[in-house]
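Listing of run-v1.txt; format and content: compact mmCIF, C-alpha atoms.
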```
# COMPACT_ATOMS: atom_id res chain seq x y z
CA MET A 1185 0.04 -0.05 14.86
CA SER A 1186 1.90 -3.09 13.47
CA GLU A 1187 0.97 -5.48 10.72
CA HIS A 1188 0.09 -8.00 13.44
CA ILE A 1189 -2.74 -5.84 14.76
CA TYR A 1190 -5.34 -8.41 13.74
CA SER A 1191 -3.66 -11.21 15.69
CA GLN A 1192 -3.52 -8.96 18.73
CA LEU A 1193 -7.18 -7.99 18.40
CA ILE A 1194 -8.22 -11.63 18.19
CA LYS A 1195 -6.08 -12.55 21.20
CA ASN A 1196 -7.92 -9.81 23.06
CA GLY A 1197 -11.26 -11.37 22.24
CA VAL A 1198 -12.23 -9.61 19.01
CA LEU A 1199 -13.92 -12.04 16.62
CA PRO A 1200 -12.86 -12.30 12.93
CA GLU A 1201 -16.27 -11.11 11.76
CA ASP A 1202 -15.87 -8.08 14.02
CA ILE A 1203 -12.75 -7.07 12.07
CA LYS A 1204 -14.69 -7.10 8.81
CA ASP A 1205 -17.41 -5.02 10.46
CA MET A 1206 -14.72 -2.64 11.72
CA ILE A 1207 -13.36 -2.13 8.20
CA ILE A 1208 -16.83 -1.48 6.79
CA GLU A 1209 -17.67 0.92 9.61
CA GLU A 1210 -14.41 2.89 9.29
CA PHE A 1211 -14.71 3.31 5.52
CA ASP A 1212 -18.50 3.55 5.19
CA ASP A 1213 -18.56 7.35 4.91
CA PHE A 1214 -16.22 7.22 1.90
CA PHE A 1215 -18.37 4.85 -0.15
CA THR A 1216 -21.57 5.23 -2.12
CA ASN A 1217 -21.15 1.70 -3.51
CA LYS A 1218 -21.76 -0.26 -0.28
CA LYS A 1219 -21.73 -3.59 -2.12
CA ARG A 1220 -18.16 -3.06 -3.32
CA LEU A 1221 -17.12 -1.92 0.15
CA GLU A 1222 -18.28 -5.19 1.66
CA GLU A 1223 -16.86 -7.35 -1.14
CA ASN A 1224 -13.40 -5.77 -0.90
CA SER A 1225 -13.27 -5.32 2.88
CA ILE A 1226 -10.86 -8.20 3.50
CA ASN A 1227 -8.88 -8.74 0.28
CA THR A 1228 -8.14 -5.09 -0.51
CA LEU A 1229 -9.14 -2.82 2.36
CA LEU A 1230 -7.76 -4.84 5.26
CA PRO A 1231 -4.18 -3.58 4.72
CA GLU A 1232 -5.52 -0.06 4.11
CA LEU A 1233 -7.20 -0.08 7.54
CA ILE A 1234 -3.78 0.10 9.21
CA ASN A 1235 -2.80 2.88 6.82
CA TYR A 1236 -6.00 4.75 7.65
CA LEU A 1237 -5.57 4.42 11.42
CA LYS A 1238 -1.97 5.61 11.18
CA LEU A 1239 -2.96 8.63 9.11
CA GLN A 1240 -5.61 9.62 11.65
CA LYS A 1241 -2.77 10.23 14.12
CA GLU A 1242 -0.98 12.50 11.63
CA THR A 1243 -3.33 15.44 11.17
CA ILE A 1244 -1.70 17.12 8.17
CA PHE A 1245 -1.42 13.91 6.18
CA TYR A 1246 -4.92 12.75 7.14
CA GLU A 1247 -6.29 16.10 5.96
CA GLY A 1248 -4.29 15.62 2.76
CA PHE A 1249 -6.01 12.27 2.24
CA LEU A 1250 -9.43 13.90 2.76
CA ASP A 1251 -8.56 16.79 0.43
CA PHE A 1252 -7.38 14.40 -2.29
CA LEU A 1253 -10.58 12.37 -2.03
CA GLU A 1254 -12.59 15.59 -2.19
CA ILE A 1255 -10.84 16.58 -5.44
CA LEU A 1256 -11.79 13.23 -6.96
CA ASN A 1257 -15.43 13.48 -5.88
CA ILE A 1258 -15.78 17.09 -7.09
CA ALA A 1259 -14.35 16.05 -10.46
CA LYS A 1260 -16.78 13.12 -10.55
CA ASP A 1261 -19.73 15.43 -9.86
CA LYS A 1262 -18.47 17.78 -12.58
CA ASP A 1263 -18.02 15.14 -15.27
CA LEU A 1264 -18.38 11.43 -14.48
CA HIS A 1265 -17.18 10.28 -17.89
CA LYS A 1266 -13.95 12.29 -17.80
CA THR A 1267 -13.28 11.30 -14.18
CA ILE A 1268 -13.51 7.60 -15.04
CA ASN A 1269 -11.34 8.31 -18.07
CA ALA A 1270 -8.83 9.90 -15.68
CA ILE A 1271 -8.65 6.65 -13.70
CA GLU A 1272 -8.22 4.60 -16.85
CA SER A 1273 -5.68 6.97 -18.41
CA ASN A 1274 -3.50 6.95 -15.30
CA PHE A 1275 -4.21 3.38 -14.25
CA TYR A 1276 -1.14 1.65 -15.65
CA ILE A 1277 1.42 4.15 -14.39
CA ILE A 1278 -0.08 4.12 -10.88
CA GLU A 1279 -0.24 0.32 -10.85
CA GLU A 1280 3.38 0.21 -11.99
CA ALA A 1281 4.24 2.42 -9.02
CA HIS A 1282 2.38 0.04 -6.70
CA GLN A 1283 4.57 -2.79 -7.99
CA LYS A 1284 7.51 -0.95 -6.43
CA LEU A 1285 6.27 -0.74 -2.86
CA TRP A 1286 9.41 -2.68 -1.93
CA ILE A 1287 11.10 0.73 -1.88
CA ILE A 1288 9.36 1.46 1.42
CA ASN A 1289 10.12 -2.01 2.73
CA SER A 1290 13.82 -1.24 2.31
CA LEU A 1291 13.43 0.95 5.40
CA GLU A 1292 13.86 -2.29 7.33
CA ARG A 1293 17.43 -2.45 6.14
CA GLU A 1294 19.90 -1.96 8.98
CA SER A 1295 21.26 1.59 8.74
CA SER A 1296 22.57 2.15 12.26
CA GLY A 1297 26.08 1.18 11.15
CA PHE A 1298 26.34 4.12 8.73
CA ASN A 1299 28.31 7.21 9.54
CA LEU A 1300 26.39 10.46 8.97
CA GLU A 1301 27.54 10.76 5.36
CA GLY A 1302 26.45 7.21 4.55
CA PHE A 1303 23.18 7.68 6.40
CA SER A 1304 22.48 10.91 4.50
CA LYS A 1305 23.02 9.23 1.13
CA TYR A 1306 20.91 6.20 2.11
CA THR A 1307 18.06 8.42 3.35
CA PHE A 1308 18.13 10.91 0.48
CA ASP A 1309 18.16 8.03 -2.03
CA LEU A 1310 14.96 6.70 -0.43
CA ILE A 1311 13.38 10.16 -0.41
CA VAL A 1312 14.13 10.52 -4.12
CA ASP A 1313 12.70 7.09 -4.93
CA VAL A 1314 9.50 7.61 -2.95
CA ILE A 1315 8.87 11.03 -4.53
CA GLU A 1316 9.90 10.18 -8.09
CA ILE A 1317 8.58 6.62 -8.36
CA LEU A 1318 5.65 6.45 -5.95
CA ILE A 1319 4.30 10.00 -5.59
CA LYS A 1320 4.83 11.51 -9.05
CA PRO A 1321 2.22 9.28 -10.79
CA TYR A 1322 -0.37 10.56 -8.33
CA CYS A 1323 0.58 14.15 -9.12
CA SER A 1324 -0.29 13.55 -12.78
CA TYR A 1325 -3.60 12.00 -11.73
CA ILE A 1326 -4.36 14.89 -9.36
CA LEU A 1327 -3.69 17.57 -11.98
CA TYR A 1328 -5.79 15.62 -14.48
CA ASN A 1329 -8.74 15.85 -12.08
CA ILE A 1330 -8.09 19.53 -11.34
CA TYR A 1331 -8.33 20.22 -15.07
CA ILE A 1332 -11.69 18.41 -15.09
CA ILE A 1333 -12.91 20.60 -12.20
CA LYS A 1334 -11.75 23.78 -13.94
CA GLY A 1335 -13.09 22.72 -17.33
CA LYS A 1336 -9.66 22.70 -18.97
CA ASN A 1337 -10.53 19.76 -21.18
CA ASN A 1338 -8.04 20.72 -23.90
CA ASN A 1339 -5.16 20.34 -21.44
CA LEU A 1340 -5.82 16.75 -20.34
CA LEU A 1341 -3.41 15.08 -22.75
CA SER A 1342 -0.58 17.43 -21.78
CA VAL A 1343 -0.53 16.32 -18.12
CA LYS A 1344 1.67 13.25 -18.61
CA GLU A 1345 4.28 15.32 -20.43
CA LYS A 1346 4.92 17.56 -17.40
CA ASN A 1347 7.89 17.01 -15.14
CA LEU A 1348 7.54 16.70 -11.38
CA GLY A 1349 8.28 20.35 -10.68
CA ASN A 1350 5.68 21.59 -13.16
CA LEU A 1351 3.07 19.17 -11.83
CA ILE A 1352 3.54 20.22 -8.22
CA ASN A 1353 3.77 23.93 -9.02
CA GLU A 1354 0.54 23.85 -11.00
CA ILE A 1355 -1.35 21.86 -8.34
CA ILE A 1356 -0.21 24.28 -5.63
CA GLN A 1357 -1.03 27.32 -7.77
CA SER A 1358 -4.52 25.88 -8.20
CA GLY A 1359 -4.88 26.01 -4.41
CA TYR A 1360 -4.90 22.27 -3.75
CA LEU A 1361 -2.92 19.98 -1.42
CA ILE A 1362 -0.40 22.64 -0.42
CA ASN A 1363 0.22 21.14 3.02
CA ILE A 1364 1.37 17.79 1.64
CA LEU A 1365 3.04 18.88 -1.60
CA LYS A 1366 4.90 21.64 0.23
CA PRO A 1367 5.26 20.07 3.67
CA THR A 1368 6.76 21.62 6.78
CA ILE A 1369 10.16 20.20 7.75
CA ASN A 1370 12.39 20.78 10.74
CA THR A 1371 15.74 22.47 10.21
CA LEU A 1372 18.37 23.56 12.72
CA SER A 1373 17.11 27.15 12.38
CA GLY A 1374 13.41 26.26 12.72
CA GLU A 1375 10.52 25.01 10.60
CA LYS A 1376 10.58 25.44 6.83
CA ASN A 1377 8.11 24.70 4.05
CA ILE A 1378 9.68 23.00 1.07
CA LYS A 1379 8.15 21.50 -2.06
CA LEU A 1380 8.57 17.79 -2.74
CA ASN A 1381 10.28 18.42 -6.07
CA THR A 1382 12.86 20.58 -4.27
CA LEU A 1383 13.55 17.76 -1.79
CA ARG A 1384 13.84 15.40 -4.70
CA ASN A 1385 16.36 17.66 -6.46
CA ILE A 1386 18.53 18.00 -3.35
CA GLY A 1387 18.81 14.22 -3.11
CA ALA A 1388 18.97 13.39 -6.81
CA HIS A 1389 21.74 15.91 -7.55
CA ASN A 1390 23.61 15.41 -4.27
CA ASN A 1391 23.10 19.05 -3.35
CA TYR A 1392 24.07 18.48 0.27
CA LYS A 1393 27.23 18.03 2.28
CA VAL A 1394 28.01 16.73 5.74
CA ILE A 1395 30.11 18.79 8.13
CA GLU A 1396 30.58 17.22 11.55
CA ASP A 1397 27.04 16.44 12.80
CA GLU A 1398 25.22 18.76 10.39
CA ILE A 1399 23.78 18.14 6.94
CA ILE A 1400 23.89 21.29 4.82
CA CYS A 1401 21.30 21.25 2.01
CA GLU A 1402 21.40 23.55 -1.01
CA ILE A 1403 18.43 24.71 -3.06
CA ARG A 1404 19.61 25.48 -6.58
CA ASN A 1405 17.97 27.04 -9.62
CA SER A 1406 17.89 25.71 -13.18
CA ARG A 1407 21.35 27.20 -13.78
CA ASN A 1408 22.68 25.22 -10.80
CA GLU A 1409 23.20 28.39 -8.79
CA VAL A 1410 22.75 28.10 -5.03
CA MET A 1411 19.70 30.17 -4.08
CA GLU A 1412 19.28 29.09 -0.48
CA GLN A 1413 20.72 26.78 2.16
CA PHE A 1414 19.34 25.10 5.25
CA LYS A 1415 20.88 22.82 7.83
CA THR A 1416 19.44 19.66 9.32
CA ASN A 1417 20.64 16.67 11.31
CA LYS A 1418 20.26 12.90 11.27
CA GLU A 1419 17.02 12.78 13.26
CA ASP A 1420 15.30 15.51 11.27
CA LEU A 1421 16.41 14.06 7.92
CA TYR A 1422 14.92 10.71 8.89
CA LYS A 1423 11.71 12.50 9.93
CA ILE A 1424 11.56 14.05 6.43
CA LEU A 1425 11.72 10.56 4.94
CA ILE A 1426 8.92 9.30 7.22
CA ASP A 1427 6.78 12.32 6.29
CA VAL A 1428 7.35 11.77 2.56
CA ILE A 1429 6.23 8.17 2.97
CA ALA A 1430 3.15 9.38 4.90
CA ILE A 1431 2.30 11.65 1.95
CA PHE A 1432 2.44 8.66 -0.37
CA ARG A 1433 0.27 6.63 2.02
CA ALA A 1434 -2.32 9.43 2.10
CA LEU A 1435 -2.50 9.53 -1.70
CA LYS A 1436 -2.58 5.74 -2.06
CA LEU A 1437 -5.43 5.46 0.45
CA GLY A 1438 -7.52 8.11 -1.30
CA TYR A 1439 -6.92 6.52 -4.70
CA THR A 1440 -7.73 3.01 -3.44
CA LEU A 1441 -11.02 4.00 -1.83
CA PHE A 1442 -12.15 6.01 -4.86
CA PHE A 1443 -11.07 3.25 -7.26
CA ILE A 1444 -13.07 0.56 -5.44
CA ASP A 1445 -16.10 2.81 -4.98
CA ASN A 1446 -16.22 3.43 -8.74
CA ILE A 1447 -15.01 0.06 -9.96
CA ASP A 1448 -18.33 -0.71 -11.68
CA TYR A 1449 -17.70 2.13 -14.14
CA LEU A 1450 -14.26 0.92 -15.19
CA ASN A 1451 -13.29 -0.83 -18.39
CA LYS A 1452 -13.30 -4.60 -17.77
CA THR A 1453 -10.07 -4.93 -19.77
CA ILE A 1454 -8.28 -2.74 -17.25
CA LEU A 1455 -9.64 -4.71 -14.30
CA SER A 1456 -8.41 -7.96 -15.84
CA THR A 1457 -4.84 -6.62 -15.87
CA LEU A 1458 -4.67 -5.97 -12.14
CA ASN A 1459 -1.50 -7.77 -11.11
CA PRO A 1460 -0.26 -6.85 -7.65
CA ARG A 1461 3.39 -7.46 -6.83
CA LYS A 1462 4.03 -10.72 -4.98
CA GLU A 1463 4.90 -8.94 -1.75
CA GLN A 1464 1.54 -7.14 -1.86
CA LEU A 1465 -0.29 -10.42 -2.57
CA ILE A 1466 1.41 -11.97 0.44
CA LEU A 1467 0.54 -8.97 2.58
CA ASN A 1468 -3.12 -9.01 1.56
CA THR A 1469 -3.42 -12.78 1.97
CA PHE A 1470 -1.71 -12.83 5.35
CA PHE A 1471 -3.86 -9.98 6.66
CA GLY A 1472 -6.92 -11.94 5.57
CA ILE A 1473 -5.73 -15.09 7.33
CA GLN A 1474 -4.97 -13.18 10.53
CA SER A 1475 -8.43 -11.65 10.48
CA GLN A 1476 -9.89 -15.19 10.51
CA GLY A 1477 -8.34 -15.97 13.90
CA PHE A 1478 -4.99 -17.53 12.97
CA GLU A 1479 -1.42 -16.46 13.63
CA ILE A 1480 1.13 -17.18 10.93
CA ILE A 1481 4.17 -18.65 12.65
CA GLU A 1482 6.06 -20.00 9.63
CA PHE A 1483 6.07 -19.36 5.90
CA ILE A 1484 8.20 -21.33 3.43
CA ASP A 1485 8.25 -20.28 -0.21
CA THR A 1486 10.27 -22.24 -2.77
CA LYS A 1487 9.49 -23.40 -6.30
CA LYS A 1488 9.36 -26.99 -5.07
CA GLU A 1489 7.30 -26.47 -1.93
CA SER A 1490 5.40 -23.79 -0.05
CA LYS A 1491 4.21 -24.20 3.52
CA LEU A 1492 2.15 -22.08 5.87
CA VAL A 1493 1.98 -22.97 9.56
CA LEU A 1494 -1.09 -21.51 11.26
CA LEU A 1495 -1.56 -21.25 15.01
CA GLU A 1496 -5.07 -21.16 16.45
CA LEU A 1497 -5.88 -17.95 18.35
CA LEU A 1498 -9.51 -18.60 19.26
CA GLU A 1499 -10.15 -20.35 22.54
CA ASN A 1500 -12.82 -23.05 22.96
CA GLU A 1501 -13.01 -23.85 19.26
CA LYS A 1502 -13.26 -27.40 17.88
CA ASN A 1503 -9.93 -28.39 16.37
CA GLU A 1504 -11.50 -30.39 13.55
CA GLU A 1505 -13.69 -27.53 12.34
CA ARG A 1506 -10.93 -24.95 12.58
CA ALA A 1507 -8.46 -27.27 10.83
CA ILE A 1508 -10.88 -27.57 7.91
CA HIS A 1509 -11.23 -23.78 7.95
CA ALA A 1510 -7.44 -23.45 7.74
CA SER A 1511 -7.29 -25.85 4.77
CA GLN A 1512 -9.37 -23.38 2.76
CA PHE A 1513 -6.26 -21.19 2.40
CA LEU A 1514 -4.45 -23.82 0.28
CA TYR A 1515 -5.37 -22.24 -3.04
CA TYR A 1516 -4.43 -18.77 -1.83
CA LEU A 1517 -1.06 -20.12 -0.71
CA TRP A 1518 -0.46 -21.51 -4.20
CA ASP A 1519 -1.70 -18.26 -5.76
CA ILE A 1520 1.13 -16.28 -4.14
CA THR A 1521 3.87 -18.92 -4.44
CA LYS A 1522 3.00 -20.99 -7.55
CA SER A 1523 4.86 -23.88 -5.87
CA ASN A 1524 4.66 -27.50 -7.02
CA THR A 1525 3.51 -28.68 -3.60
CA ASN A 1526 1.54 -26.53 -1.15
CA ILE A 1527 1.00 -27.36 2.52
CA ILE A 1528 -1.05 -25.83 5.31
CA GLU A 1529 -0.21 -27.02 8.82
CA TYR A 1530 -2.82 -26.26 11.49
CA ARG A 1531 -1.80 -26.04 15.15
CA ASN A 1532 -4.13 -25.65 18.14
CA VAL A 1533 -3.91 -22.97 20.82
CA LYS A 1534 -1.30 -25.07 22.67
CA ASN A 1535 0.90 -24.95 19.56
CA GLU A 1536 0.40 -28.66 18.98
CA ALA A 1537 0.30 -29.86 15.36
CA VAL A 1538 -3.21 -31.13 14.57
CA ALA A 1539 -3.29 -31.67 10.80
CA ASN A 1540 -1.45 -31.06 7.53
CA PHE A 1541 -3.26 -30.37 4.25
CA GLU A 1542 -1.45 -30.68 0.93
CA ILE A 1543 -2.45 -29.80 -2.64
CA ASP A 1544 -0.59 -30.16 -5.94
CA GLY A 1545 0.20 -26.95 -7.81
CA ASN A 1546 -1.05 -28.37 -11.12
CA PHE A 1547 -4.49 -28.89 -9.58
CA CYS A 1548 -4.55 -25.27 -8.42
CA LYS A 1549 -3.59 -24.15 -11.91
CA LYS A 1550 -6.73 -25.85 -13.26
CA ILE A 1551 -8.78 -23.84 -10.77
CA GLU A 1552 -7.11 -20.66 -11.98
CA GLU A 1553 -7.91 -21.60 -15.58
CA GLY A 1554 -11.54 -22.24 -14.64
CA SER A 1555 -11.67 -25.91 -15.72
CA ILE A 1556 -12.57 -27.04 -12.18
CA GLN A 1557 -14.16 -25.39 -9.15
CA MET A 1558 -12.26 -24.45 -6.01
CA ILE A 1559 -14.59 -26.62 -3.93
CA GLU A 1560 -12.93 -29.65 -5.56
CA ILE A 1561 -9.82 -29.01 -3.43
CA ALA A 1562 -11.59 -30.74 -0.54
CA LYS A 1563 -11.66 -33.99 -2.54
CA GLU A 1564 -8.18 -33.67 -4.03
CA MET A 1565 -6.09 -32.54 -1.05
CA LYS A 1566 -4.03 -34.98 0.99
CA VAL A 1567 -4.74 -34.89 4.73
CA LYS A 1568 -2.38 -36.00 7.49
CA ILE A 1569 -3.74 -36.10 11.05
CA HIS A 1570 -1.19 -35.78 13.84
CA LYS A 1571 -1.80 -38.09 16.77
```
When written as structure tokens, how does the structure in this file appear?
Amino acid sequence: MSEHIYSQLIKNGVLPEDIKDMIIEEFDDFFTNKKRLEENSINTLLPELINYLKLQKETIFYEGFLDFLEILNIAKDKDLHKTINAIESNFYIIEEAHQKLWIINSLERESSGFNLEGFSKYTFDLIVDVIEILIKPYCSYILYNIYIIKGKNNNLLSVKEKNLGNLINEIIQSGYLINILKPTINTLSGEKNIKLNTLRNIGAHNNYKVIEDEIICEIRNSRNEVMEQFKTNKEDLYKILIDVIAIFRALKLGYTLFFIDNIDYLNKTILSTLNPRKEQLILNTFFGIQSQGFEIIEFIDTKKESKLVLLELLENEKNEERAIHASQFLYYLWDITKSNTNIIEYRNVKNEAVANFEIDGNFCKKIEEGSIQMIEIAKEMKVKIHK
């Protein structure tokens, strides 16, 4: 399931409005606030649809997502006020983690040229980053909600002071999320269950060594004494990394759905500070464009000029109407690039340039400030028709 799934669906005859309906249908069971589900179906939940469909193929991690969501809903039923306070208290640290999703994108880096020692370091460094930077904030949030369920209200403030090991140990001892916080990994001697904080320690403290084609990992205690060893290889180490990322995706999905479903309860000051990283803005915007029946074939992003070239995917559509539709993305292009000049080029199904639409960045800034309405773009934009 690639990020171009929406282009492929449209090429196969699925209409853009069908994609929105698909998102609403897939997530309907997880929402009591149906209005917010529909409002956020494209801008926020479109990328999460791919995540959701991937998780459905990975039983343990999908069950982890369901279990996490169940924890949040039980806590909400127990004490709505404290559950909303849990979101607000953990909001900034989780959002800060979301700003670092580039960590996962670094998987695209070419690693085939590494020898086994270099590959091991590269992979363990990523495992450490995903666990420490992306997963740990969720562990604090999870334990916070477990305390709400158990009525341990006096312990809420102490959660953020706990280290990763204490967080995971306490969650597991409470009987929650064992399968994803202590996942099963493959070793050369068979399957083994190992806690995420232990994996993190192996990588962070370089408690591994490479001998020929084997990676020997050491589990050490607080006195740095070796308590246990296990052996793995390149393929299984990479699988551990993929599984750790799947655990993060399961937690992020559960959090996102619960957050949107309960967004009406949240402090408006917090909502005004939502500031997704540029890469995430691009991802969300591009998914939205693809769902409207366009393929993005070129994207230029400089301070001076940004340009988006859109190829028509829908057969038997009128070029003029679809070109105007494409021009509606001008403001969103500026919103992710903040360029001085912003251009949308629309091409028909034969890949022939039909029209260019251009808007000045200063005009878009006035829209952002609220001094003019977005509809005014239609009057202000420059239009070039290709013969």
Tell me, in Å to one decimal, how far CA of Lys1491 (chain A) is from CA of Thr1469 (chain A).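 Value for the CA of Lys1491 (chain A)-CA of Thr1469 (chain A) distance: 13.8 Å.
Distances from A:Ile1315, A:Val1394, A:Val1533, A:Ile1543 to Gly1302 (chain A) were compared using all atoms listed in the file, and the smallest one belongs to A:Val1394.
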In Å, rounded to a single decimal, give me how far CA of Lys1393 (chain A) is from CA of Ser1373 (chain A). 17.0 Å
Expressed in Å to a single decimal, how great is the separation between CA of Lys1379 (chain A) and CA of Ile1311 (chain A)?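 Pair CA of Lys1379 (chain A) / CA of Ile1311 (chain A) returns 12.6 Å.
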Under the rule that all atoms listed in the file are counted, which of A:Lys1218, A:Arg1506, A:Lys1376, A:Lys1522 is the nearest residue to Ala1539 (chain A)?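 Result for the nearest residue to Ala1539 (chain A): A:Arg1506.
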